[in-house]
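S.K.: Following this line is work_29.csv, made up of CSV, N, CA and C atoms:
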chain,number,residue,atom,x,y,z
A,1,HIS,N,97.4,105.3,70.8
A,1,HIS,CA,96.6,105.9,71.8
A,1,HIS,C,95.2,105.2,71.9
A,2,TYR,N,94.7,104.9,70.7
A,2,TYR,CA,93.4,104.2,70.7
A,2,TYR,C,93.4,102.9,71.4
A,3,GLN,N,94.5,102.1,71.1
A,3,GLN,CA,94.6,100.8,71.7
A,3,GLN,C,94.8,100.9,73.3
A,4,HIS,N,95.5,101.9,73.7
A,4,HIS,CA,95.7,102.1,75.2
A,4,HIS,C,94.3,102.4,75.8
A,5,ASN,N,93.5,103.3,75.2
A,5,ASN,CA,92.2,103.6,75.8
A,5,ASN,C,91.3,102.4,75.8
A,6,ARG,N,91.3,101.6,74.7
A,6,ARG,CA,90.5,100.4,74.6
A,6,ARG,C,90.9,99.4,75.7
A,7,ARG,N,92.2,99.2,75.9
A,7,ARG,CA,92.6,98.3,76.9
A,7,ARG,C,92.2,98.8,78.3
A,8,ARG,N,92.3,100.1,78.5
A,8,ARG,CA,91.9,100.6,79.8
A,8,ARG,C,90.4,100.4,80.0
A,9,ARG,N,89.6,100.6,79.0
A,9,ARG,CA,88.1,100.3,79.1
A,9,ARG,C,87.8,98.9,79.4
A,10,CYS,N,88.6,98.0,78.8
A,10,CYS,CA,88.4,96.5,79.0
A,10,CYS,C,88.7,96.2,80.5
A,11,LEU,N,89.8,96.8,81.0
A,11,LEU,CA,90.1,96.5,82.4
A,11,LEU,C,89.0,97.1,83.3
A,12,GLN,N,88.6,98.3,83.0
A,12,GLN,CA,87.5,98.9,83.8
A,12,GLN,C,86.3,98.0,83.8
A,13,THR,N,85.9,97.5,82.7
A,13,THR,CA,84.7,96.8,82.5
A,13,THR,C,84.8,95.4,83.3
A,14,MET,N,85.9,94.8,83.1
A,14,MET,CA,86.1,93.5,83.8
A,14,MET,C,86.1,93.7,85.4
A,15,MET,N,86.7,94.8,85.8
A,15,MET,CA,86.7,95.1,87.2
A,15,MET,C,85.3,95.4,87.7
A,16,VAL,N,84.5,96.2,87.0
A,16,VAL,CA,83.2,96.5,87.4
A,16,VAL,C,82.3,95.2,87.5
A,17,GLN,N,82.5,94.4,86.5
A,17,GLN,CA,81.7,93.2,86.5
A,17,GLN,C,82.0,92.3,87.7
A,18,CYS,N,83.3,92.1,88.0
A,18,CYS,CA,83.7,91.3,89.1
A,18,CYS,C,83.2,91.9,90.4
A,19,LEU,N,83.4,93.2,90.6
A,19,LEU,CA,83.0,93.8,91.8
A,19,LEU,C,81.5,93.7,92.0
A,20,PHE,N,80.7,93.9,90.9
A,20,PHE,CA,79.3,93.8,91.0
A,20,PHE,C,78.9,92.5,91.6
A,21,TRP,N,79.4,91.4,91.0
A,21,TRP,CA,79.0,90.1,91.4
A,21,TRP,C,79.6,89.7,92.8
A,22,ALA,N,80.7,90.3,93.2
A,22,ALA,CA,81.2,90.1,94.5
A,22,ALA,C,80.3,90.7,95.6
A,23,VAL,N,79.9,92.0,95.3
A,23,VAL,CA,79.0,92.7,96.3
A,23,VAL,C,77.6,92.0,96.2
A,24,TYR,N,77.2,91.6,95.1
A,24,TYR,CA,75.9,90.9,94.9
A,24,TYR,C,75.9,89.7,95.8
A,25,ALA,N,77.0,88.9,95.8
A,25,ALA,CA,77.0,87.7,96.5
A,25,ALA,C,77.0,87.9,98.0
A,26,ILE,N,77.5,89.1,98.5
A,26,ILE,CA,77.6,89.4,99.9
A,26,ILE,C,76.2,90.0,100.3
A,27,ASP,N,75.7,90.9,99.6
A,27,ASP,CA,74.4,91.5,99.9
A,27,ASP,C,73.8,92.2,98.7
A,28,ARG,N,73.0,91.5,97.9
A,28,ARG,CA,72.5,91.9,96.7
A,28,ARG,C,71.7,93.2,96.8
A,29,GLU,N,71.1,93.5,97.9
A,29,GLU,CA,70.3,94.7,98.0
A,29,GLU,C,71.2,96.0,97.9
A,30,LEU,N,72.5,95.9,98.1
A,30,LEU,CA,73.4,97.0,98.0
A,30,LEU,C,73.6,97.4,96.5
A,31,VAL,N,73.5,96.5,95.6
A,31,VAL,CA,73.8,96.8,94.2
A,31,VAL,C,72.7,96.5,93.2
A,32,TYR,N,71.8,95.6,93.6
A,32,TYR,CA,70.7,95.2,92.7
A,32,TYR,C,69.5,94.7,93.5
A,33,PRO,N,68.8,95.7,94.1
A,33,PRO,CA,67.7,95.3,95.0
A,33,PRO,C,66.7,94.4,94.4
A,34,ARG,N,66.1,93.6,95.2
A,34,ARG,CA,65.1,92.6,94.7
A,34,ARG,C,63.9,93.3,94.0
A,35,ALA,N,63.6,94.5,94.3
A,35,ALA,CA,62.5,95.2,93.7
A,35,ALA,C,62.8,95.3,92.1
A,36,LEU,N,64.0,95.3,91.7
A,36,LEU,CA,64.3,95.4,90.3
A,36,LEU,C,64.0,94.2,89.6
A,37,ASP,N,63.8,93.0,90.3
A,37,ASP,CA,63.4,91.8,89.6
A,37,ASP,C,62.1,91.9,88.9
A,38,ASP,N,61.2,92.8,89.4
A,38,ASP,CA,59.9,93.0,88.8
A,38,ASP,C,59.9,93.8,87.6
A,39,VAL,N,61.0,94.6,87.4
A,39,VAL,CA,61.1,95.5,86.3
A,39,VAL,C,62.1,95.0,85.3
A,40,ILE,N,63.2,94.5,85.7
A,40,ILE,CA,64.3,94.0,84.8
A,40,ILE,C,64.4,92.5,84.9
A,41,PRO,N,64.2,91.9,83.7
A,41,PRO,CA,64.3,90.4,83.7
A,41,PRO,C,65.7,89.9,84.1
A,42,THR,N,65.8,88.7,84.7
A,42,THR,CA,67.1,88.2,85.1
A,42,THR,C,68.1,88.1,83.9
A,43,TRP,N,67.6,87.7,82.7
A,43,TRP,CA,68.5,87.5,81.6
A,43,TRP,C,69.1,88.9,81.2
A,44,LEU,N,68.4,90.0,81.4
A,44,LEU,CA,68.9,91.3,81.1
A,44,LEU,C,70.0,91.7,82.1
A,45,ASN,N,69.8,91.3,83.3
A,45,ASN,CA,70.8,91.6,84.3
A,45,ASN,C,72.1,90.9,83.9
A,46,HIS,N,72.0,89.6,83.5
A,46,HIS,CA,73.2,88.9,83.1
A,46,HIS,C,73.8,89.5,81.8
A,47,VAL,N,73.0,90.0,80.9
A,47,VAL,CA,73.6,90.7,79.7
A,47,VAL,C,74.4,91.8,80.2
A,48,TRP,N,73.9,92.6,81.1
A,48,TRP,CA,74.6,93.8,81.6
A,48,TRP,C,75.9,93.4,82.4
A,49,HIS,N,75.7,92.4,83.3
A,49,HIS,CA,76.8,92.2,84.3
A,49,HIS,C,77.6,90.9,84.1
A,50,THR,N,77.3,90.1,83.1
A,50,THR,CA,78.0,88.8,82.9
A,50,THR,C,78.6,88.7,81.5
A,51,SER,N,77.8,88.9,80.5
A,51,SER,CA,78.2,88.6,79.2
A,51,SER,C,79.3,89.4,78.6
A,52,THR,N,79.5,90.6,79.2
A,52,THR,CA,80.6,91.5,78.7
A,52,THR,C,82.0,90.9,78.9
A,53,VAL,N,82.2,90.2,80.0
A,53,VAL,CA,83.5,89.7,80.3
A,53,VAL,C,84.0,88.7,79.3
A,54,PRO,N,83.2,87.7,79.0
A,54,PRO,CA,83.7,86.7,77.9
A,54,PRO,C,83.9,87.4,76.6
A,55,VAL,N,83.0,88.3,76.2
A,55,VAL,CA,83.2,89.0,74.9
A,55,VAL,C,84.5,89.8,75.0
A,56,LEU,N,84.8,90.5,76.1
A,56,LEU,CA,86.1,91.2,76.2
A,56,LEU,C,87.3,90.3,76.1
A,57,LEU,N,87.2,89.2,76.8
A,57,LEU,CA,88.3,88.3,76.8
A,57,LEU,C,88.5,87.7,75.4
A,58,LEU,N,87.5,87.4,74.7
A,58,LEU,CA,87.6,87.0,73.3
A,58,LEU,C,88.2,88.1,72.4
A,59,ASP,N,87.8,89.3,72.6
A,59,ASP,CA,88.3,90.4,71.9
A,59,ASP,C,89.8,90.5,72.1
A,60,MET,N,90.2,90.4,73.4
A,60,MET,CA,91.6,90.5,73.8
A,60,MET,C,92.4,89.4,73.2
A,61,TYR,N,91.8,88.2,73.0
A,61,TYR,CA,92.5,87.1,72.5
A,61,TYR,C,92.7,87.2,71.0
A,62,VAL,N,91.6,87.7,70.3
A,62,VAL,CA,91.6,87.7,68.8
A,62,VAL,C,92.4,88.9,68.3
A,63,VAL,N,92.2,90.1,68.9
A,63,VAL,CA,92.8,91.3,68.4
A,63,VAL,C,94.1,91.6,69.1
A,64,HIS,N,95.2,91.6,68.4
A,64,HIS,CA,96.5,91.8,69.0
A,64,HIS,C,96.7,93.3,69.3
A,65,ARG,N,97.2,93.5,70.5
A,65,ARG,CA,97.6,94.9,70.9
A,65,ARG,C,99.0,94.9,71.4
A,66,ASN,N,99.7,96.0,71.2
A,66,ASN,CA,101.0,96.2,71.8
A,66,ASN,C,100.9,96.8,73.2
A,67,TYR,N,101.3,96.1,74.2
A,67,TYR,CA,101.3,96.5,75.5
A,67,TYR,C,102.6,97.3,75.8
A,68,PRO,N,102.4,98.4,76.6
A,68,PRO,CA,103.6,99.1,77.0
A,68,PRO,C,104.4,98.3,78.0
A,69,ALA,N,105.6,98.7,78.3
A,69,ALA,CA,106.4,98.0,79.3
A,69,ALA,C,105.6,98.0,80.7
A,70,ARG,N,105.7,96.9,81.3
A,70,ARG,CA,105.0,96.8,82.6
A,70,ARG,C,105.4,97.8,83.7
A,71,LYS,N,106.7,98.2,83.6
A,71,LYS,CA,107.2,99.1,84.6
A,71,LYS,C,106.5,100.5,84.5
A,72,TRP,N,106.0,100.8,83.3
A,72,TRP,CA,105.2,102.0,83.1
A,72,TRP,C,103.7,101.8,83.2
A,73,ALA,N,103.3,100.6,82.7
A,73,ALA,CA,101.8,100.4,82.6
A,73,ALA,C,101.2,100.1,84.0
A,74,LEU,N,101.8,99.3,84.8
A,74,LEU,CA,101.2,99.1,86.1
A,74,LEU,C,101.1,100.3,87.0
A,75,PRO,N,102.1,101.1,87.1
A,75,PRO,CA,102.0,102.4,87.9
A,75,PRO,C,100.9,103.3,87.3
A,76,GLY,N,100.8,103.3,86.0
A,76,GLY,CA,99.7,104.1,85.3
A,76,GLY,C,98.3,103.5,85.6
A,77,THR,N,98.2,102.2,85.7
A,77,THR,CA,97.0,101.5,86.0
A,77,THR,C,96.6,101.8,87.5
A,78,ILE,N,97.6,101.8,88.3
A,78,ILE,CA,97.3,102.1,89.8
A,78,ILE,C,96.9,103.5,89.9
A,79,PHE,N,97.6,104.4,89.2
A,79,PHE,CA,97.3,105.8,89.3
A,79,PHE,C,95.8,106.1,88.8
A,80,PHE,N,95.5,105.5,87.7
A,80,PHE,CA,94.1,105.7,87.2
A,80,PHE,C,93.1,105.1,88.2
A,81,GLY,N,93.3,103.9,88.7
A,81,GLY,CA,92.4,103.4,89.7
A,81,GLY,C,92.2,104.2,90.9
A,82,ALA,N,93.4,104.7,91.4
A,82,ALA,CA,93.4,105.5,92.6
A,82,ALA,C,92.7,106.9,92.4
A,83,ALA,N,92.9,107.4,91.2
A,83,ALA,CA,92.3,108.7,90.8
A,83,ALA,C,90.8,108.5,90.8
A,84,TYR,N,90.3,107.4,90.2
A,84,TYR,CA,88.9,107.2,90.2
A,84,TYR,C,88.3,107.0,91.6
A,85,LEU,N,89.0,106.3,92.4
A,85,LEU,CA,88.5,106.1,93.8
A,85,LEU,C,88.5,107.4,94.6
A,86,ILE,N,89.5,108.3,94.3
A,86,ILE,CA,89.5,109.6,95.0
A,86,ILE,C,88.3,110.4,94.4
A,87,TRP,N,88.1,110.4,93.1
A,87,TRP,CA,87.0,111.1,92.6
A,87,TRP,C,85.6,110.7,93.2
A,88,ILE,N,85.5,109.4,93.5
A,88,ILE,CA,84.2,108.9,94.1
A,88,ILE,C,84.1,109.6,95.5
A,89,ARG,N,85.2,109.7,96.2
A,89,ARG,CA,85.2,110.3,97.6
A,89,ARG,C,84.9,111.8,97.5
A,90,ILE,N,85.4,112.5,96.5
A,90,ILE,CA,85.2,113.9,96.3
A,90,ILE,C,83.7,114.1,96.0
A,91,VAL,N,83.1,113.3,95.1
A,91,VAL,CA,81.7,113.4,94.8
A,91,VAL,C,80.9,113.2,96.1
A,92,ALA,N,81.2,112.2,96.9
A,92,ALA,CA,80.5,111.9,98.1
A,92,ALA,C,80.6,113.1,99.1
A,93,HIS,N,81.8,113.6,99.2
A,93,HIS,CA,82.0,114.7,100.2
A,93,HIS,C,81.3,116.0,99.8
A,94,TYR,N,81.5,116.4,98.6
A,94,TYR,CA,80.9,117.7,98.1
A,94,TYR,C,79.5,117.6,97.6
A,95,GLY,N,79.1,116.4,97.1
A,95,GLY,CA,77.8,116.2,96.5
A,95,GLY,C,76.8,115.7,97.5
A,96,GLY,N,77.3,115.1,98.6
A,96,GLY,CA,76.4,114.6,99.6
A,96,GLY,C,75.8,113.3,99.3
A,97,PHE,N,76.3,112.6,98.3
A,97,PHE,CA,75.7,111.2,98.0
A,97,PHE,C,76.9,110.4,97.5
A,98,TRP,N,76.7,109.1,97.6
A,98,TRP,CA,77.7,108.1,97.0
A,98,TRP,C,77.3,107.7,95.7
A,99,VAL,N,78.2,107.7,94.7
A,99,VAL,CA,78.0,107.3,93.4
A,99,VAL,C,77.5,105.8,93.4
A,100,TYR,N,78.2,105.0,94.3
A,100,TYR,CA,77.8,103.6,94.5
A,100,TYR,C,77.3,103.5,95.9
A,101,PRO,N,75.9,103.4,96.1
A,101,PRO,CA,75.3,103.5,97.4
A,101,PRO,C,75.9,102.5,98.4
A,102,PHE,N,76.4,101.3,97.9
A,102,PHE,CA,76.8,100.3,98.9
A,102,PHE,C,78.1,100.8,99.7
A,103,LEU,N,78.8,101.8,99.1
A,103,LEU,CA,79.9,102.3,99.8
A,103,LEU,C,79.5,103.1,101.1
A,104,GLU,N,78.3,103.6,101.1
A,104,GLU,CA,77.8,104.3,102.3
A,104,GLU,C,77.7,103.3,103.5
A,105,GLU,N,77.4,102.1,103.2
A,105,GLU,CA,77.2,101.1,104.2
A,105,GLU,C,78.5,100.6,104.8
A,106,MET,N,79.6,100.8,104.1
A,106,MET,CA,80.9,100.3,104.6
A,106,MET,C,81.6,101.3,105.6
A,107,GLY,N,82.3,100.7,106.5
A,107,GLY,CA,83.1,101.5,107.4
A,107,GLY,C,84.4,101.8,106.8
A,108,PRO,N,85.3,102.5,107.6
A,108,PRO,CA,86.6,102.8,107.0
A,108,PRO,C,87.5,101.6,106.7
A,109,VAL,N,87.4,100.6,107.5
A,109,VAL,CA,88.2,99.4,107.3
A,109,VAL,C,87.7,98.7,106.0
A,110,GLU,N,86.4,98.5,105.9
A,110,GLU,CA,85.9,97.8,104.8
A,110,GLU,C,86.1,98.6,103.5
A,111,THR,N,86.0,99.9,103.6
A,111,THR,CA,86.2,100.7,102.4
A,111,THR,C,87.7,100.6,101.9
A,112,SER,N,88.6,100.6,102.9
A,112,SER,CA,90.0,100.5,102.5
A,112,SER,C,90.3,99.2,101.9
A,113,ILE,N,89.7,98.1,102.4
A,113,ILE,CA,89.9,96.8,101.8
A,113,ILE,C,89.3,96.7,100.5
A,114,PHE,N,88.1,97.3,100.3
A,114,PHE,CA,87.5,97.4,99.0
A,114,PHE,C,88.3,98.1,98.0
A,115,ASN,N,88.9,99.3,98.4
A,115,ASN,CA,89.7,100.1,97.5
A,115,ASN,C,91.0,99.4,97.1
A,116,MET,N,91.6,98.8,98.1
A,116,MET,CA,92.9,98.0,97.7
A,116,MET,C,92.6,96.8,96.9
A,117,SER,N,91.5,96.1,97.1
A,117,SER,CA,91.1,95.0,96.3
A,117,SER,C,90.8,95.4,94.9
A,118,GLY,N,90.1,96.6,94.7
A,118,GLY,CA,89.8,97.1,93.4
A,118,GLY,C,91.1,97.4,92.6
A,119,ILE,N,92.0,98.1,93.2
A,119,ILE,CA,93.3,98.4,92.6
A,119,ILE,C,94.1,97.1,92.2
A,120,ALA,N,94.1,96.2,93.2
A,120,ALA,CA,94.8,94.9,92.9
A,120,ALA,C,94.1,94.2,91.7
A,121,MET,N,92.8,94.2,91.7
A,121,MET,CA,92.1,93.6,90.5
A,121,MET,C,92.5,94.2,89.2
A,122,LEU,N,92.6,95.5,89.2
A,122,LEU,CA,93.0,96.2,88.0
A,122,LEU,C,94.3,95.7,87.5
A,123,CYS,N,95.3,95.6,88.4
A,123,CYS,CA,96.6,95.1,88.1
A,123,CYS,C,96.6,93.6,87.6
A,124,VAL,N,95.8,92.8,88.3
A,124,VAL,CA,95.7,91.4,87.8
A,124,VAL,C,95.1,91.3,86.5
A,125,PHE,N,94.0,92.1,86.2
A,125,PHE,CA,93.4,92.1,84.9
A,125,PHE,C,94.3,92.6,83.8
A,126,TYR,N,95.2,93.5,84.1
A,126,TYR,CA,96.2,94.0,83.2
A,126,TYR,C,97.1,92.9,82.8
A,127,ILE,N,97.6,92.2,83.8
A,127,ILE,CA,98.6,91.1,83.5
A,127,ILE,C,97.9,90.0,82.8
A,128,ILE,N,96.6,89.7,83.1
A,128,ILE,CA,95.9,88.7,82.4
A,128,ILE,C,95.7,89.1,80.9
A,129,GLY,N,95.4,90.4,80.7
A,129,GLY,CA,95.3,90.9,79.4
A,129,GLY,C,96.6,90.7,78.6
A,130,GLU,N,97.7,90.9,79.2
A,130,GLU,CA,99.0,90.7,78.5
A,130,GLU,C,99.1,89.3,78.0
A,131,HIS,N,98.7,88.3,78.8
A,131,HIS,CA,98.9,86.9,78.5
A,131,HIS,C,97.8,86.4,77.5
A,132,VAL,N,96.6,87.0,77.7
A,132,VAL,CA,95.5,86.6,76.8
A,132,VAL,C,95.8,87.1,75.4
A,133,ASN,N,96.4,88.3,75.4
A,133,ASN,CA,96.7,89.0,74.1
A,133,ASN,C,97.8,88.2,73.4
Taking this structure as input, can you express it in the form of structure tokens?

M.R.:
Amino acid sequence: HYQHNRRRRCLQTMMVQCLFWAVYAIDRELVYPRALDDVIPTWLNHVWHTSTVPVLLLDMYVVHRNYPARKWALPGTIFFGAAYLIWIRIVAHYGGFWVYPFLEEMGPVETSIFNMSGIAMLCVFYIIGEHVN
């Protein structure tokens, strides 16, 4: 049980890091406004949003984990990702704010593409994790 939760957290972290830098490359103001440069040094931004992925990959390479059968794991990963995306929508609908403000800027087509890309990335990272492990 512990290994499964740790693996899921690794997948989440890698996905968040990749999504952060993808959105940053498109329009950094949506995820990391320039005003933060005066408060948060560049190196600290990279500690938060870059350095975690190589550390996680090293961890996945060094520490052996038993992966469940892919026929169960990928649907579970998709379910988890979809549940999280649905929760983000519920918070936006009932709370009146977006957990990730850049989603407010997206239209329905862009949001759908973003959601499908996020789910696809979770699956890709799961498969990468199997091979790196």

S.K.: Go ahead and compute the interatomic distance for CA of Gln17 (chain A) and atom C of Arg65 (chain A), in Å to one decimal.

M.R.: 23.0 Å

S.K.: When you look at region 100-106 of chain A with a cut-off of 5 Å (counting all atoms listed in the file), what residues show up, excluding the ones that are within fewer than 2 positions of it in the same chain? I need them as a ChimeraX atom specification.

M.R.: /A:30,98,108

S.K.: Select, counting only C-alpha atoms, all protein, DNA and RNA residues no farther than 12 Å from (73.1, 91.2, 95.3) in file coordinates, and express the selection as a list in words.

M.R.: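 Result, sorted by chain then residue number: Leu19, Phe20, Trp21, Ala22, Val23, Tyr24, Ala25, Ile26, Asp27, Arg28, Glu29, Leu30, Val31, Tyr32, Pro33, Arg34, Ala35, Leu36, Asp37, Asn45, His49 and Phe102 of chain A.
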
S.K.: Record the distance separating atom N of Thr52 (chain A) and atom N of Val16 (chain A), expressed in Å with one decimal.

M.R.: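 We find that atom N of Thr52 (chain A) and atom N of Val16 (chain A) lie 10.8 Å from each other.
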
S.K.: Do a neighbour search on region 71-82 of chain A at 12 Å with only C-alpha atoms, toss out local chain neighbours closer than 5 positions, and write the hits as a PyMOL selection string.

M.R.: chain A and resi 4-5+7-9+11-12+15-16+66+87-89+112+114-127+129-130

S.K.: Quick one: distance from CA of Cys18 (chain A) to CA of Ser51 (chain A) in Å, one decimal?

M.R.: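 Going from CA of Cys18 (chain A) over to CA of Ser51 (chain A) covers 11.6 Å.
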
S.K.: If you run DSSP over the backbone, which residues in chain A end up alpha helix (DSSP H)? Put them as an MDAnalysis selection string.

M.R.: chainID A and resid 2:27 42:49 52:62 70:95 108:132

S.K.: Can you patch up region 60-74 of chain A, filling it in to N, CA, C and O atoms, and show the result as a PDB file, in the coordinates of the input?

M.R.:
ATOM      1  N   MET A  60      90.200  90.400  73.400  1.00  0.00           N
ATOM      2  CA  MET A  60      91.600  90.500  73.800  1.00  0.00           C
ATOM      3  C   MET A  60      92.400  89.400  73.200  1.00  0.00           C
ATOM      4  O   MET A  60      93.617  89.556  72.873  1.00  0.00           O
ATOM      5  N   TYR A  61      91.800  88.200  73.000  1.00  0.00           N
ATOM      6  CA  TYR A  61      92.500  87.100  72.500  1.00  0.00           C
ATOM      7  C   TYR A  61      92.700  87.200  71.000  1.00  0.00           C
ATOM      8  O   TYR A  61      93.713  86.855  70.398  1.00  0.00           O
ATOM      9  N   VAL A  62      91.600  87.700  70.300  1.00  0.00           N
ATOM     10  CA  VAL A  62      91.600  87.700  68.800  1.00  0.00           C
ATOM     11  C   VAL A  62      92.400  88.900  68.300  1.00  0.00           C
ATOM     12  O   VAL A  62      93.050  88.846  67.266  1.00  0.00           O
ATOM     13  N   VAL A  63      92.200  90.100  68.900  1.00  0.00           N
ATOM     14  CA  VAL A  63      92.800  91.300  68.400  1.00  0.00           C
ATOM     15  C   VAL A  63      94.100  91.600  69.100  1.00  0.00           C
ATOM     16  O   VAL A  63      94.131  91.800  70.332  1.00  0.00           O
ATOM     17  N   HIS A  64      95.200  91.600  68.400  1.00  0.00           N
ATOM     18  CA  HIS A  64      96.500  91.800  69.000  1.00  0.00           C
ATOM     19  C   HIS A  64      96.700  93.300  69.300  1.00  0.00           C
ATOM     20  O   HIS A  64      96.469  94.146  68.454  1.00  0.00           O
ATOM     21  N   ARG A  65      97.200  93.500  70.500  1.00  0.00           N
ATOM     22  CA  ARG A  65      97.600  94.900  70.900  1.00  0.00           C
ATOM     23  C   ARG A  65      99.000  94.900  71.400  1.00  0.00           C
ATOM     24  O   ARG A  65      99.428  93.953  72.043  1.00  0.00           O
ATOM     25  N   ASN A  66      99.700  96.000  71.200  1.00  0.00           N
ATOM     26  CA  ASN A  66     101.000  96.200  71.800  1.00  0.00           C
ATOM     27  C   ASN A  66     100.900  96.800  73.200  1.00  0.00           C
ATOM     28  O   ASN A  66     100.376  97.896  73.324  1.00  0.00           O
ATOM     29  N   TYR A  67     101.300  96.100  74.200  1.00  0.00           N
ATOM     30  CA  TYR A  67     101.300  96.500  75.500  1.00  0.00           C
ATOM     31  C   TYR A  67     102.600  97.300  75.800  1.00  0.00           C
ATOM     32  O   TYR A  67     103.648  96.911  75.447  1.00  0.00           O
ATOM     33  N   PRO A  68     102.400  98.400  76.600  1.00  0.00           N
ATOM     34  CA  PRO A  68     103.600  99.100  77.000  1.00  0.00           C
ATOM     35  C   PRO A  68     104.400  98.300  78.000  1.00  0.00           C
ATOM     36  O   PRO A  68     103.852  97.357  78.602  1.00  0.00           O
ATOM     37  N   ALA A  69     105.600  98.700  78.300  1.00  0.00           N
ATOM     38  CA  ALA A  69     106.400  98.000  79.300  1.00  0.00           C
ATOM     39  C   ALA A  69     105.600  98.000  80.700  1.00  0.00           C
ATOM     40  O   ALA A  69     105.057  99.047  81.064  1.00  0.00           O
ATOM     41  N   ARG A  70     105.700  96.900  81.300  1.00  0.00           N
ATOM     42  CA  ARG A  70     105.000  96.800  82.600  1.00  0.00           C
ATOM     43  C   ARG A  70     105.400  97.800  83.700  1.00  0.00           C
ATOM     44  O   ARG A  70     104.618  98.231  84.481  1.00  0.00           O
ATOM     45  N   LYS A  71     106.700  98.200  83.600  1.00  0.00           N
ATOM     46  CA  LYS A  71     107.200  99.100  84.600  1.00  0.00           C
ATOM     47  C   LYS A  71     106.500 100.500  84.500  1.00  0.00           C
ATOM     48  O   LYS A  71     106.501 101.264  85.430  1.00  0.00           O
ATOM     49  N   TRP A  72     106.000 100.800  83.300  1.00  0.00           N
ATOM     50  CA  TRP A  72     105.200 102.000  83.100  1.00  0.00           C
ATOM     51  C   TRP A  72     103.700 101.800  83.200  1.00  0.00           C
ATOM     52  O   TRP A  72     102.945 102.619  83.694  1.00  0.00           O
ATOM     53  N   ALA A  73     103.300 100.600  82.700  1.00  0.00           N
ATOM     54  CA  ALA A  73     101.800 100.400  82.600  1.00  0.00           C
ATOM     55  C   ALA A  73     101.200 100.100  84.000  1.00  0.00           C
ATOM     56  O   ALA A  73     100.096 100.657  84.244  1.00  0.00           O
ATOM     57  N   LEU A  74     101.800  99.300  84.800  1.00  0.00           N
ATOM     58  CA  LEU A  74     101.200  99.100  86.100  1.00  0.00           C
ATOM     59  C   LEU A  74     101.100 100.300  87.000  1.00  0.00           C
ATOM     60  O   LEU A  74     100.041 100.553  87.607  1.00  0.00           O
TER      61      LEU A  74
END
